[in-house]
file input35.cif (mmCIF, C-alpha atoms)
data_start
loop_
_atom_site.group_PDB
_atom_site.id
_atom_site.type_symbol
_atom_site.label_atom_id
_atom_site.label_comp_id
_atom_site.auth_asym_id
_atom_site.auth_seq_id
_atom_site.Cartn_x
_atom_site.Cartn_y
_atom_site.Cartn_z
ATOM 1 C CA MET A 1 0.000 0.000 0.000
ATOM 2 C CA LYS A 2 2.796 2.410 0.896
ATOM 3 C CA LEU A 3 4.517 1.793 -2.448
ATOM 4 C CA GLU A 4 1.322 2.575 -4.390
ATOM 5 C CA GLU A 5 0.843 5.820 -2.459
ATOM 6 C CA THR A 6 4.435 6.831 -3.129
ATOM 7 C CA SER A 7 4.087 6.032 -6.829
ATOM 8 C CA SER A 8 0.820 7.941 -7.024
ATOM 9 C CA GLN A 9 2.366 10.902 -5.193
ATOM 10 C CA ARG A 10 5.345 10.809 -7.561
ATOM 11 C CA GLU A 11 3.008 10.891 -10.559
ATOM 12 C CA GLN A 12 1.111 13.818 -9.068
ATOM 13 C CA ASN A 13 4.382 15.663 -8.431
ATOM 14 C CA MET A 14 5.546 15.004 -11.984
ATOM 15 C CA GLN A 15 2.220 16.204 -13.374
ATOM 16 C CA ALA A 16 2.401 19.320 -11.214
ATOM 17 C CA ALA A 17 5.941 19.965 -12.469
ATOM 18 C CA LEU A 18 4.809 19.517 -16.087
ATOM 19 C CA ASP A 19 1.876 21.857 -15.507
ATOM 20 C CA LEU A 20 4.216 24.452 -14.023
ATOM 21 C CA GLN A 21 6.593 24.161 -16.975
ATOM 22 C CA ASN A 22 3.677 24.525 -19.359
ATOM 23 C CA ASP A 23 2.519 27.660 -17.535
ATOM 24 C CA GLN A 24 6.044 29.060 -17.704
ATOM 25 C CA LEU A 25 6.266 28.336 -21.429
ATOM 26 C CA GLN A 26 2.933 30.064 -22.019
ATOM 27 C CA ALA A 27 4.069 33.079 -19.989
ATOM 28 C CA ASN A 28 7.339 33.230 -21.948
ATOM 29 C CA SER A 29 5.400 32.990 -25.193
ATOM 30 C CA LYS A 30 3.273 35.967 -24.151
ATOM 31 C CA LEU A 31 6.398 37.935 -23.235
ATOM 32 C CA ILE A 32 7.875 37.173 -26.658
ATOM 33 C CA ASP A 33 4.654 38.340 -28.322
ATOM 34 C CA ILE A 34 4.810 41.587 -26.318
ATOM 35 C CA ALA A 35 8.464 42.102 -27.248
ATOM 36 C CA LEU A 36 7.698 41.526 -30.939
ATOM 37 C CA ALA A 37 4.854 44.036 -30.764
ATOM 38 C CA GLN A 38 7.215 46.564 -29.163
ATOM 39 C CA VAL A 39 9.717 46.006 -31.975
ATOM 40 C CA GLU A 40 6.993 46.689 -34.546
ATOM 41 C CA VAL A 41 5.997 49.905 -32.764
ATOM 42 C CA ALA A 42 9.644 50.965 -32.612
ATOM 43 C CA LYS A 43 10.050 50.305 -36.354
ATOM 44 C CA GLU A 44 6.963 52.381 -37.135
ATOM 45 C CA TYR A 45 8.254 55.197 -34.921
ATOM 46 C CA GLN A 46 11.665 55.039 -36.582
ATOM 47 C CA THR A 47 10.018 55.270 -40.008
ATOM 48 C CA SER A 48 7.964 58.256 -38.861
ATOM 49 C CA VAL A 49 11.024 60.012 -37.461
ATOM 50 C CA GLN A 50 12.997 59.287 -40.637
ATOM 51 C CA LYS A 51 10.239 60.800 -42.793
ATOM 52 C CA ARG A 52 10.163 63.873 -40.560
ATOM 53 C CA LEU A 53 13.953 64.170 -40.770
ATOM 54 C CA ASN A 54 13.866 63.886 -44.553
ATOM 55 C CA GLY A 55 11.216 66.627 -44.664
ATOM 56 C CA LEU A 56 13.314 68.877 -42.466
ATOM 57 C CA LYS A 57 16.369 68.266 -44.635
ATOM 58 C CA ALA A 58 14.370 69.238 -47.719
ATOM 59 C CA ARG A 59 13.181 72.434 -46.009
ATOM 60 C CA LEU A 60 16.762 73.236 -44.999
ATOM 61 C CA ARG A 61 17.953 72.809 -48.598
ATOM 62 C CA ALA A 62 15.161 75.112 -49.770
ATOM 63 C CA LEU A 63 16.080 77.727 -47.183
ATOM 64 C CA GLU A 64 19.733 77.481 -48.164
ATOM 65 C CA GLY A 65 18.666 78.184 -51.762
ATOM 66 C CA VAL A 66 16.672 81.226 -50.640
ATOM 67 C CA ARG A 67 19.637 82.410 -48.595
ATOM 68 C CA ALA A 68 22.002 82.035 -51.553
ATOM 69 C CA GLY A 69 19.572 83.998 -53.732
ATOM 70 C CA LEU A 70 19.300 86.782 -51.154
ATOM 71 C CA GLU A 71 23.072 86.924 -50.767
ATOM 72 C CA ALA A 72 23.440 87.196 -54.544
ATOM 73 C CA ARG A 73 20.853 90.001 -54.660
ATOM 74 C CA LEU A 74 22.624 91.780 -51.797
ATOM 75 C CA ALA A 75 25.989 91.487 -53.542
ATOM 76 C CA ASN A 76 24.445 92.759 -56.778
ATOM 77 C CA ALA A 77 22.761 95.663 -54.982
ATOM 78 C CA SER A 78 25.997 96.528 -53.195
ATOM 79 C CA GLY A 79 27.853 96.504 -56.490
ATOM 80 C CA ASN A 80 25.331 98.919 -57.999
ATOM 81 C CA LEU A 81 25.860 101.506 -55.280
#
call {"tool": "encode", "arguments": {"input": "input35.cif", "output": "structure tokens"}}
result
Amino acid sequence: MKLEETSSQREQNMQAALDLQNDQLQANSKLIDIALAQVEVAKEYQTSVQKRLNGLKARLRALEGVRAGLEARLANASGNL
């Protein structure tokens, strides 16, 4: 009788250990899903920032062109004095 109880207890302990491992695997899987979602959000943010940066660079080039034109007009006006 004692041997059967010990064997049954061992099986219960093994099942409990397997259940715990399964719960841990499921929790890790959820953490991986969260991390992957965070990576996607970060990629989208990076793309948004890159587009904004490209727009600002284009505006800077345009302003540099305006500045060069104004400097040329100023030099021309100064030469006409």
call {"tool": "atom_distance", "arguments": {"input": "input35.cif", "atom1": "CA of Leu63 in chain A", "atom2": "CA of Gly79 in chain A"}}
result
24.0 Å
call {"tool": "axis_aligned_box", "arguments": {"input": "input35.cif", "around": "range 38-45 of chain A", "padding_each_side": "4 Å", "output": "lines of an AutoDock Vina configuration file"}}
result
center_x = 8.0
center_y = 50.6
center_z = -33.1
size_x = 12.1
size_y = 17.2
size_z = 16.0
call {"tool": "atom_distance", "arguments": {"input": "input35.cif", "atom1": "CA of Ala16 in chain A", "atom2": "CA of Asp33 in chain A"}}
result
25.7 Å
call {"tool": "atom_distance", "arguments": {"input": "input35.cif", "atom1": "CA of Ala68 in chain A", "atom2": "CA of Lys51 in chain A"}}
result
25.8 Å
